[in-house]
>>> print(open('target_35.cif').read())   # mmCIF, C-alpha atoms
data_model
loop_
_atom_site.label_atom_id
_atom_site.label_comp_id
_atom_site.auth_asym_id
_atom_site.auth_seq_id
_atom_site.Cartn_x
_atom_site.Cartn_y
_atom_site.Cartn_z
CA ILE A 1 47.81 56.94 101.04
CA TYR A 2 47.21 54.53 103.89
CA SER A 3 49.89 52.43 105.54
CA LEU A 4 47.56 50.71 108.00
CA PRO A 5 47.03 46.91 107.99
CA THR A 6 44.66 46.06 105.17
CA ASP A 7 43.77 43.09 103.03
CA ILE A 8 46.99 43.35 101.01
CA GLU A 9 46.93 41.33 97.84
CA LYS A 10 49.70 38.76 97.94
CA ASP A 11 50.99 36.29 95.42
CA THR A 12 49.89 32.78 96.24
CA LEU A 13 52.66 30.26 95.71
CA VAL A 14 51.42 28.10 92.88
CA LYS A 15 52.03 24.42 93.57
CA SER A 16 50.07 23.01 90.66
CA LYS A 17 50.44 23.81 86.99
CA ILE A 18 49.30 27.35 86.27
CA VAL A 19 46.73 28.16 83.60
CA TYR A 20 47.69 30.96 81.23
CA TRP A 21 47.11 32.21 77.71
CA THR A 22 49.54 32.02 74.85
CA ASP A 23 50.36 35.25 73.05
CA ASP A 24 47.90 34.22 70.31
CA GLU A 25 45.12 33.76 72.86
CA LEU A 26 45.86 37.10 74.49
CA MET A 27 45.80 38.88 71.13
CA ALA A 28 42.56 37.11 70.17
CA PHE A 29 40.91 38.31 73.37
CA LEU A 30 42.17 41.88 72.98
CA ASP A 31 40.92 41.99 69.39
CA PHE A 32 37.53 40.67 70.58
CA VAL A 33 37.09 43.29 73.33
CA LYS A 34 38.60 46.27 71.50
CA GLY A 35 36.43 49.27 72.37
CA LYS A 36 34.94 47.59 75.45
CA LYS A 37 35.61 48.69 79.03
CA ILE A 38 37.58 45.52 79.78
CA TYR A 39 40.04 46.20 76.95
CA LEU A 40 42.36 48.64 78.71
CA PRO A 41 42.61 46.67 81.99
CA ALA A 42 43.32 43.44 80.11
CA PHE A 43 45.79 45.19 77.81
CA ILE A 44 47.76 46.72 80.69
CA MET A 45 47.78 43.44 82.62
CA GLY A 46 49.00 41.57 79.56
CA MET A 47 51.76 44.11 78.87
CA THR A 48 52.96 44.64 82.45
CA GLY A 49 52.10 41.62 84.61
CA MET A 50 50.88 43.93 87.38
CA ARG A 51 48.76 42.55 90.19
CA PRO A 52 45.08 43.50 89.71
CA ALA A 53 45.12 45.55 92.94
CA GLU A 54 48.15 47.44 91.63
CA LEU A 55 46.40 47.99 88.33
CA VAL A 56 43.37 49.75 89.83
CA GLY A 57 45.70 51.87 91.97
CA LEU A 58 47.66 53.14 88.96
CA GLN A 59 47.41 56.88 88.36
CA TYR A 60 48.59 58.83 85.33
CA LYS A 61 51.23 60.59 87.43
CA LYS A 62 52.95 57.21 87.89
CA VAL A 63 53.30 56.70 84.13
CA ASP A 64 56.22 58.23 82.24
CA LEU A 65 54.97 58.30 78.65
CA ILE A 66 58.19 59.88 77.41
CA ASN A 67 60.53 57.16 78.65
CA GLY A 68 57.98 54.35 78.67
CA MET A 69 58.10 53.54 82.38
CA ILE A 70 55.57 52.85 85.13
CA LYS A 71 56.23 53.33 88.86
CA ILE A 72 54.40 50.73 90.95
CA ASN A 73 54.24 51.49 94.67
CA VAL A 74 50.56 51.41 95.69
CA GLN A 75 47.55 49.17 95.37
CA VAL A 76 43.82 49.39 96.09
CA VAL A 77 42.55 47.15 98.87
CA LYS A 78 39.54 46.95 101.18
CA ASP A 79 40.24 48.20 104.67
CA LYS A 80 39.49 45.48 107.22
CA ALA A 81 37.81 47.85 109.66
CA SER A 82 35.85 50.24 107.44
CA LYS A 83 35.35 47.87 104.49
CA GLU A 84 36.06 50.86 102.25
CA LEU A 85 38.54 50.92 99.39
CA VAL A 86 41.85 52.52 100.29
CA LEU A 87 45.07 53.24 98.41
CA THR A 88 47.93 51.69 100.36
CA ASP A 89 51.70 51.48 100.05
CA ILE A 90 53.30 48.21 98.92
CA GLU A 91 56.86 48.92 100.02
CA SER A 92 57.97 45.30 99.54
CA SER A 93 57.04 45.47 95.85
CA TYR A 94 58.21 48.96 94.89
CA ARG A 95 59.46 48.85 91.32
CA ASP A 96 59.78 50.74 88.04
CA ILE A 97 58.98 48.70 84.96
CA SER A 98 59.30 49.42 81.26
CA ILE A 99 56.23 49.33 79.04
CA PRO A 100 56.06 48.61 75.30
CA GLY A 101 55.49 51.34 72.75
CA ILE A 102 52.04 50.03 71.86
CA LEU A 103 50.87 50.64 75.44
CA VAL A 104 52.51 54.06 75.53
CA GLU A 105 50.64 55.06 72.36
CA GLU A 106 47.35 53.71 73.74
CA LEU A 107 47.66 55.81 76.90
CA LYS A 108 48.73 58.88 74.93
CA THR A 109 45.64 58.55 72.76
CA ILE A 110 43.36 58.22 75.79
CA LYS A 111 44.85 61.35 77.39
CA LYS A 112 44.58 63.28 74.14
CA GLU A 113 40.91 62.35 73.69
CA ASN A 114 39.93 63.04 77.31
CA LYS A 115 40.87 66.53 78.41
CA ALA A 116 39.41 65.92 81.89
CA ILE A 117 42.24 63.53 82.79
CA LYS A 118 44.54 64.89 85.50
CA SER A 119 47.83 63.56 86.82
CA SER A 120 45.97 62.23 89.85
CA SER A 121 43.34 60.45 87.73
CA PHE A 122 43.16 56.68 87.96
CA ILE A 123 43.81 54.94 84.67
CA ILE A 124 41.28 52.24 85.57
CA ALA A 125 38.35 53.87 87.34
CA ASP A 126 34.63 53.46 87.96
CA ASN A 127 32.00 55.20 85.81
CA ASN A 128 32.46 58.40 87.82
CA GLY A 129 36.24 58.41 87.46
CA HIS A 130 36.82 57.34 91.05
CA MET A 131 39.00 54.60 92.54
CA THR A 132 37.51 51.18 91.94
CA SER A 133 37.86 47.59 93.06
CA TYR A 134 39.08 44.96 90.62
CA ASP A 135 36.14 42.71 91.53
CA ASN A 136 34.13 44.34 88.74
CA LEU A 137 36.96 43.64 86.31
CA ARG A 138 37.01 39.96 87.27
CA VAL A 139 33.29 39.60 86.55
CA MET A 140 33.54 41.51 83.29
CA PHE A 141 36.57 39.49 82.19
CA VAL A 142 34.77 36.16 82.74
CA ARG A 143 31.76 37.39 80.79
CA TYR A 144 33.77 38.42 77.75
CA THR A 145 35.95 35.32 77.89
CA ASN A 146 32.85 33.14 77.83
CA SER A 147 31.42 35.15 74.94
CA LEU A 148 34.61 34.69 72.92
CA ARG A 149 34.72 30.98 73.71
CA LYS A 150 31.12 30.63 72.51
CA GLU A 151 31.83 32.51 69.29
CA GLN A 152 34.96 30.46 68.57
CA ARG A 153 33.19 27.18 69.36
CA GLU A 154 30.26 27.97 67.05
CA ARG A 155 32.56 29.02 64.23
CA LEU A 156 34.62 25.82 64.45
CA LEU A 157 31.52 23.64 64.48
CA VAL A 158 30.19 25.43 61.39
CA GLU A 159 33.55 24.72 59.74
CA GLY A 160 32.96 21.03 60.41
CA LYS A 161 35.48 20.50 63.19
CA ASP A 162 35.12 17.43 65.40
CA PRO A 163 33.04 18.50 68.45
CA GLU A 164 35.35 16.51 70.73
CA GLU A 165 38.36 18.48 69.51
CA VAL A 166 36.79 21.92 69.52
CA GLU A 167 37.40 22.56 73.24
CA ASP A 168 41.17 22.27 72.71
CA LYS A 169 41.05 24.78 69.86
CA ILE A 170 39.26 27.65 71.61
CA ILE A 171 40.60 30.13 74.12
CA LYS A 172 41.10 28.71 77.60
CA LYS A 173 39.17 29.80 80.68
CA ILE A 174 41.45 31.73 83.01
CA PRO A 175 40.74 34.16 85.86
CA PHE A 176 41.57 37.83 85.39
CA TYR A 177 44.55 37.52 87.76
CA ASN A 178 46.15 34.98 85.42
CA LEU A 179 46.84 37.65 82.86
CA ARG A 180 49.79 38.26 85.19
CA HIS A 181 50.89 34.65 84.64
CA THR A 182 50.28 35.08 80.92
CA HIS A 183 52.63 38.07 80.84
CA ALA A 184 55.34 36.17 82.71
CA THR A 185 55.12 33.02 80.59
CA ILE A 186 55.22 34.97 77.33
CA LEU A 187 58.44 36.62 78.50
CA LEU A 188 59.87 33.30 79.71
CA ASN A 189 59.12 31.54 76.44
CA ASN A 190 60.74 34.34 74.50
CA GLY A 191 64.01 34.16 76.38
CA GLU A 192 63.73 36.93 78.97
CA ASN A 193 65.98 36.50 82.00
CA ILE A 194 64.18 35.01 85.01
CA LYS A 195 65.70 37.62 87.36
CA VAL A 196 64.37 40.43 85.16
CA ILE A 197 60.92 38.82 85.17
CA SER A 198 61.04 38.39 88.95
CA GLU A 199 61.86 42.07 89.45
CA ARG A 200 59.16 43.05 86.95
CA LEU A 201 56.52 41.06 88.81
CA GLY A 202 57.55 42.50 92.16
CA HIS A 203 58.39 39.16 93.74
CA ARG A 204 60.31 39.32 96.99
CA SER A 205 62.81 36.77 95.73
CA ILE A 206 63.68 34.96 92.54
CA LYS A 207 62.75 31.71 94.35
CA THR A 208 59.09 32.76 94.28
CA THR A 209 59.31 33.24 90.53
CA LEU A 210 61.08 29.93 89.96
CA ASP A 211 58.61 28.04 92.16
CA THR A 212 55.64 29.65 90.43
CA TYR A 213 56.76 29.10 86.84
CA ALA A 214 58.79 25.89 87.10
CA SER A 215 56.06 23.97 85.27
CA VAL A 216 56.09 26.32 82.28
CA MET A 217 59.83 26.41 81.67
CA PRO A 218 60.43 23.25 79.57
CA LYS A 219 61.45 25.33 76.57
CA SER A 220 64.29 26.83 78.57
CA ARG A 221 65.53 23.38 79.54
CA THR A 222 65.34 22.29 75.92
CA ASN A 223 67.35 25.31 74.84
CA THR A 224 69.99 24.50 77.44
CA ALA A 225 70.39 20.99 76.05
CA GLY A 226 70.70 22.45 72.56
CA ILE A 227 73.42 24.82 73.67
CA LEU A 228 75.43 21.95 75.16
CA ASP A 229 74.97 19.89 71.98
CA SER A 230 76.20 22.74 69.84
CA ILE A 231 79.33 23.07 71.97
CA PHE A 232 80.32 19.45 72.58
CA ASN A 233 78.67 17.39 69.84
CA LYS A 234 81.23 18.27 67.21
CA LYS A 235 83.07 15.98 64.88
CA PRO A 236 86.80 15.69 65.62
#
>>> encode(input="target_35.cif", output="structure tokens")
Amino acid sequence: IYSLPTDIEKDTLVKSKIVYWTDDELMAFLDFVKGKKIYLPAFIMGMTGMRPAELVGLQYKKVDLINGMIKINVQVVKDKASKELVLTDIESSYRDISIPGILVEELKTIKKENKAIKSSSFIIADNNGHMTSYDNLRVMFVRYTNSLRKEQRERLLVEGKDPEEVEDKIIKKIPFYNLRHTHATILLNNGENIKVISERLGHRSIKTTLDTYASVMPKSRTNTAGILDSIFNKKP
């Protein structure tokens, strides 16, 4: 594993409103690509919120399928000098995160069906089982997203929906990286603690998390107002 200066993937502080999928949109996409090569990368991103470069650096030896945990401490980047892909440490984002049972079962099934998998094998790899860049995943993700959007649009038009309203009813266009935002917003909107989410995403500070997701936290503010009403708005 390299520790030399490389093009380390960093979180860009999001100033404008982020674009993400709802849980329904994520499930619709996963159902659409089930059995396709993009399924597992999208599934893992949606269930973990990993950075894409961390995703392609994930090896089976870093996944504890018994306790449902993943150790994240490396990522795949392109070396500035050689322009080759290298596996490099990400000490500032070292973390262990829990994974849901549905992902554990998916990975167990894959290992059971592929006897060639070793502990050092990359979970997301190229066609030869070698380390890969996530650039290919980005292209593939856009292609399948567009295909799903087309299918949904055509189905709604056949059902007689107003063409001007159809665009708001189909899955949104998002980049592959934004599956990370999708993961975070799903957790936020279901009441997960912001500090837990920050640690899960590997942010250096909770301020980064708050700055990034401030625009998608109205539900939390609404809940706060409701809590205060329930406490103080009582009849004497």
>>> resolve_selection(input="target_35.cif", expression="the PyMOL selection byres ((chain A and resi 112-125) around 8)", output="list in words")
Leu40, Pro41, Leu55, Val56, Gly57, Leu58, Gln59, Tyr60, Lys61, Lys108, Thr109, Ile110, Lys111, Asp126, Asn127, Asn128, Gly129, His130, Met131 and Thr132 of chain A
>>> atom_distance(input="target_35.cif", atom1="atom CA of A:Lys207", atom2="atom CA of A:Ala184")
14.5 Å
>>> residues_near_point(input="target_35.cif", point="(34.1, 30.7, 77.7)", cutoff="10 Å", atoms="all atoms listed in the file", output="MDAnalysis selection string")
chainID A and resid 142:153 167 170:174
>>> resolve_selection(input="target_35.cif", expression="the PyMOL selection byres ((chain A and resi 180) around 8)", output="short mmCIF file (atom, residue, chain, number, x, y, z; two decimals) with C-alpha atoms, in the coordinates of the input")
data_model
loop_
_atom_site.label_atom_id
_atom_site.label_comp_id
_atom_site.auth_asym_id
_atom_site.auth_seq_id
_atom_site.Cartn_x
_atom_site.Cartn_y
_atom_site.Cartn_z
CA MET A 45 47.78 43.44 82.62
CA GLY A 46 49.00 41.57 79.56
CA THR A 48 52.96 44.64 82.45
CA GLY A 49 52.10 41.62 84.61
CA MET A 50 50.88 43.93 87.38
CA ARG A 51 48.76 42.55 90.19
CA TYR A 177 44.55 37.52 87.76
CA ASN A 178 46.15 34.98 85.42
CA LEU A 179 46.84 37.65 82.86
CA HIS A 181 50.89 34.65 84.64
CA THR A 182 50.28 35.08 80.92
CA HIS A 183 52.63 38.07 80.84
CA ALA A 184 55.34 36.17 82.71
#
>>> residues_near_point(input="target_35.cif", point="(53.6, 51.6, 75.7)", cutoff="10 Å", atoms="only C-alpha atoms", output="list in words")
Ile44, Met47, Thr48, Val63, Asp64, Leu65, Ile66, Asn67, Gly68, Met69, Ile70, Ser98, Ile99, Pro100, Gly101, Ile102, Leu103, Val104, Glu105, Glu106, Leu107 and Lys108 of chain A
>>> closest_residue(input="target_35.cif", among="A:Ile18, A:Leu85, A:Leu188, A:Ile194", to="A:Thr212", atoms="all atoms listed in the file")
A:Ile18
>>> residues_around(input="target_35.cif", residues="stretch 73-75 of chain A", least_positions_apart="5", cutoff="6 Å", atoms="only C-alpha atoms", output="count of residues only")
8
>>> atom_distance(input="target_35.cif", atom1="atom CA of A:Arg200", atom2="atom CA of A:Ser93")
9.5 Å
>>> atom_distance(input="target_35.cif", atom1="atom CA of A:Thr224", atom2="atom CA of A:Ile197")
18.6 Å
>>> resolve_selection(input="target_35.cif", expression="the PyMOL selection byres ((chain A and resi 26-28) around 9)", output="list of chain:residue names")
A:Trp21, A:Thr22, A:Asp23, A:Asp24, A:Glu25, A:Phe29, A:Leu30, A:Asp31, A:Phe32, A:Val33, A:Ala42, A:Phe43, A:Gly46, A:Leu148, A:Ile171, A:Leu179, A:Thr182
>>> axis_aligned_box(input="target_35.cif", around="stretch 45-56 of chain A", padding_each_side="3 Å", output="lines of an AutoDock Vina configuration file")
center_x = 48.2
center_y = 45.7
center_z = 85.9
size_x = 15.6
size_y = 14.2
size_z = 20.1
>>> closest_residue(input="target_35.cif", among="A:Asp96, A:Glu164, A:Asp135, A:Glu199", to="A:Val76", atoms="all atoms listed in the file")
A:Asp135
>>> closest_residue(input="target_35.cif", among="A:Arg155, A:Pro175, A:Met217, A:Asp211", to="A:Glu192", atoms="only C-alpha atoms")
A:Met217
>>> closest_residue(input="target_35.cif", among="A:Ser133, A:Glu91, A:Lys37, A:Phe141", to="A:Asp79", atoms="all atoms listed in the file")
A:Ser133
>>> closest_residue(input="target_35.cif", among="A:Leu137, A:Val86, A:Leu228, A:Val196", to="A:Lys36", atoms="only C-alpha atoms")
A:Leu137
>>> closest_residue(input="target_35.cif", among="A:Ser82, A:Ser230, A:Thr208, A:Thr185", to="A:Val19", atoms="only C-alpha atoms")
A:Thr185
>>> decode(input="target_35.cif", residues="stretch 26-174 of chain A", atoms="C-alpha atoms", output="compact mmCIF listing (two decimals), in the first residue's frame")
# COMPACT_ATOMS: atom_id res chain seq x y z
CA LEU A 26 -32.61 4.00 -4.77
CA MET A 27 -34.70 0.83 -4.52
CA ALA A 28 -36.17 1.43 -7.99
CA PHE A 29 -32.68 1.70 -9.46
CA LEU A 30 -31.39 -1.39 -7.65
CA ASP A 31 -34.40 -3.40 -8.83
CA PHE A 32 -33.76 -2.17 -12.39
CA VAL A 33 -30.07 -3.16 -12.44
CA LYS A 34 -30.34 -6.41 -10.47
CA GLY A 35 -28.00 -8.89 -12.14
CA LYS A 36 -26.00 -6.16 -13.91
CA LYS A 37 -22.40 -5.28 -13.11
CA ILE A 38 -23.39 -1.90 -11.68
CA TYR A 39 -25.71 -3.50 -9.11
CA LEU A 40 -23.15 -4.42 -6.45
CA PRO A 41 -21.24 -1.09 -6.55
CA ALA A 42 -24.49 0.88 -6.34
CA PHE A 43 -25.82 -1.39 -3.60
CA ILE A 44 -22.70 -1.03 -1.45
CA MET A 45 -22.58 2.74 -1.97
CA GLY A 46 -26.24 3.04 -1.02
CA MET A 47 -25.81 0.92 2.10
CA THR A 48 -22.51 2.37 3.34
CA GLY A 49 -22.00 5.89 1.99
CA MET A 50 -18.39 5.06 1.12
CA ARG A 51 -16.46 7.31 -1.22
CA PRO A 52 -16.17 5.73 -4.71
CA ALA A 53 -12.37 5.53 -4.38
CA GLU A 54 -12.80 3.70 -1.06
CA LEU A 55 -15.32 1.37 -2.67
CA VAL A 56 -12.96 0.15 -5.40
CA GLY A 57 -10.22 -0.31 -2.79
CA LEU A 58 -12.38 -2.58 -0.62
CA GLN A 59 -11.09 -6.14 -0.26
CA TYR A 60 -12.89 -9.12 1.24
CA LYS A 61 -10.39 -9.24 4.10
CA LYS A 62 -11.72 -5.85 5.25
CA VAL A 63 -15.28 -7.18 5.56
CA ASP A 64 -16.39 -9.00 8.71
CA LEU A 65 -19.41 -10.98 7.53
CA ILE A 66 -19.96 -12.48 10.97
CA ASN A 67 -20.34 -9.20 12.84
CA GLY A 68 -21.50 -7.13 9.87
CA MET A 69 -18.64 -4.62 9.82
CA ILE A 70 -16.40 -3.05 7.18
CA LYS A 71 -12.95 -1.57 7.87
CA ILE A 72 -12.25 1.43 5.63
CA ASN A 73 -8.62 2.55 5.55
CA VAL A 74 -7.51 2.59 1.90
CA GLN A 75 -8.66 3.93 -1.43
CA VAL A 76 -7.68 3.55 -5.08
CA VAL A 77 -6.23 6.65 -6.72
CA LYS A 78 -4.11 7.50 -9.75
CA ASP A 79 -0.50 8.21 -8.90
CA LYS A 80 0.47 11.69 -10.10
CA ALA A 81 3.85 10.59 -11.41
CA SER A 82 3.20 7.17 -12.94
CA LYS A 83 -0.49 7.72 -13.78
CA GLU A 84 -1.07 4.15 -12.58
CA LEU A 85 -3.70 3.07 -10.09
CA VAL A 86 -2.38 2.60 -6.57
CA LEU A 87 -3.88 1.53 -3.27
CA THR A 88 -3.12 4.22 -0.71
CA ASP A 89 -3.74 4.80 2.99
CA ILE A 90 -6.40 7.31 4.06
CA GLU A 91 -5.35 7.73 7.67
CA SER A 92 -7.57 10.79 8.20
CA SER A 93 -10.65 8.72 7.36
CA TYR A 94 -9.90 5.41 9.07
CA ARG A 95 -13.16 3.95 10.33
CA ASP A 96 -15.14 0.78 10.97
CA ILE A 97 -18.77 0.93 9.90
CA SER A 98 -21.68 -1.43 10.36
CA ILE A 99 -23.46 -2.87 7.35
CA PRO A 100 -27.07 -4.08 7.11
CA GLY A 101 -27.95 -7.75 7.01
CA ILE A 102 -29.12 -7.55 3.39
CA LEU A 103 -25.62 -6.51 2.30
CA VAL A 104 -24.01 -9.19 4.46
CA GLU A 105 -26.18 -11.85 2.81
CA GLU A 106 -25.40 -10.49 -0.67
CA LEU A 107 -21.65 -10.73 -0.07
CA LYS A 108 -21.97 -14.18 1.50
CA THR A 109 -23.83 -15.39 -1.59
CA ILE A 110 -21.18 -13.96 -3.92
CA LYS A 111 -18.37 -15.68 -1.97
CA LYS A 112 -20.27 -18.95 -1.90
CA GLU A 113 -20.87 -18.90 -5.66
CA ASN A 114 -17.31 -17.88 -6.56
CA LYS A 115 -14.73 -20.22 -5.09
CA ALA A 116 -11.88 -18.22 -6.67
CA ILE A 117 -12.43 -15.32 -4.26
CA LYS A 118 -9.57 -14.85 -1.81
CA SER A 119 -9.27 -12.59 1.22
CA SER A 120 -7.12 -10.24 -0.86
CA SER A 121 -9.66 -10.11 -3.72
CA PHE A 122 -11.25 -6.77 -4.50
CA ILE A 123 -15.01 -6.77 -4.09
CA ILE A 124 -15.35 -4.37 -7.03
CA ALA A 125 -12.82 -5.34 -9.68
CA ASP A 126 -12.22 -5.22 -13.42
CA ASN A 127 -13.09 -8.13 -15.72
CA ASN A 128 -9.84 -9.86 -14.78
CA GLY A 129 -10.40 -9.51 -11.04
CA HIS A 130 -7.81 -6.75 -10.69
CA MET A 131 -7.96 -3.36 -8.98
CA THR A 132 -10.03 -0.91 -10.98
CA SER A 133 -10.80 2.78 -11.22
CA TYR A 134 -14.27 4.04 -10.41
CA ASP A 135 -14.36 6.01 -13.67
CA ASN A 136 -15.88 2.96 -15.37
CA LEU A 137 -18.54 2.79 -12.65
CA ARG A 138 -19.46 6.44 -13.21
CA VAL A 139 -20.01 5.88 -16.93
CA MET A 140 -21.97 2.68 -16.34
CA PHE A 141 -24.11 4.33 -13.66
CA VAL A 142 -25.09 7.21 -15.97
CA ARG A 143 -26.02 4.77 -18.73
CA TYR A 144 -28.31 2.70 -16.54
CA THR A 145 -29.82 5.76 -14.88
CA ASN A 146 -30.71 7.16 -18.29
CA SER A 147 -32.18 3.82 -19.35
CA LEU A 148 -34.38 3.70 -16.25
CA ARG A 149 -35.48 7.30 -16.74
CA LYS A 150 -36.46 6.51 -20.33
CA GLU A 151 -38.42 3.43 -19.30
CA GLN A 152 -40.24 5.30 -16.52
CA ARG A 153 -41.01 8.26 -18.80
CA GLU A 154 -42.45 6.04 -21.54
CA ARG A 155 -44.57 4.10 -19.07
CA LEU A 156 -46.05 7.25 -17.55
CA LEU A 157 -46.86 8.71 -20.96
CA VAL A 158 -48.62 5.48 -21.95
CA GLU A 159 -50.63 5.77 -18.73
CA GLY A 160 -51.77 9.20 -19.91
CA LYS A 161 -49.76 11.37 -17.53
CA ASP A 162 -49.27 15.03 -18.40
CA PRO A 163 -45.95 15.28 -20.31
CA GLU A 164 -45.06 18.44 -18.37
CA GLU A 165 -45.39 16.58 -15.07
CA VAL A 166 -43.62 13.39 -16.08
CA GLU A 167 -40.11 14.72 -15.41
CA ASP A 168 -40.96 15.26 -11.73
CA LYS A 169 -42.25 11.70 -11.42
CA ILE A 170 -39.22 9.81 -12.76
CA ILE A 171 -35.92 9.08 -11.07
CA LYS A 172 -33.59 12.06 -10.84
CA LYS A 173 -30.25 12.34 -12.60
CA ILE A 174 -27.43 12.12 -10.08
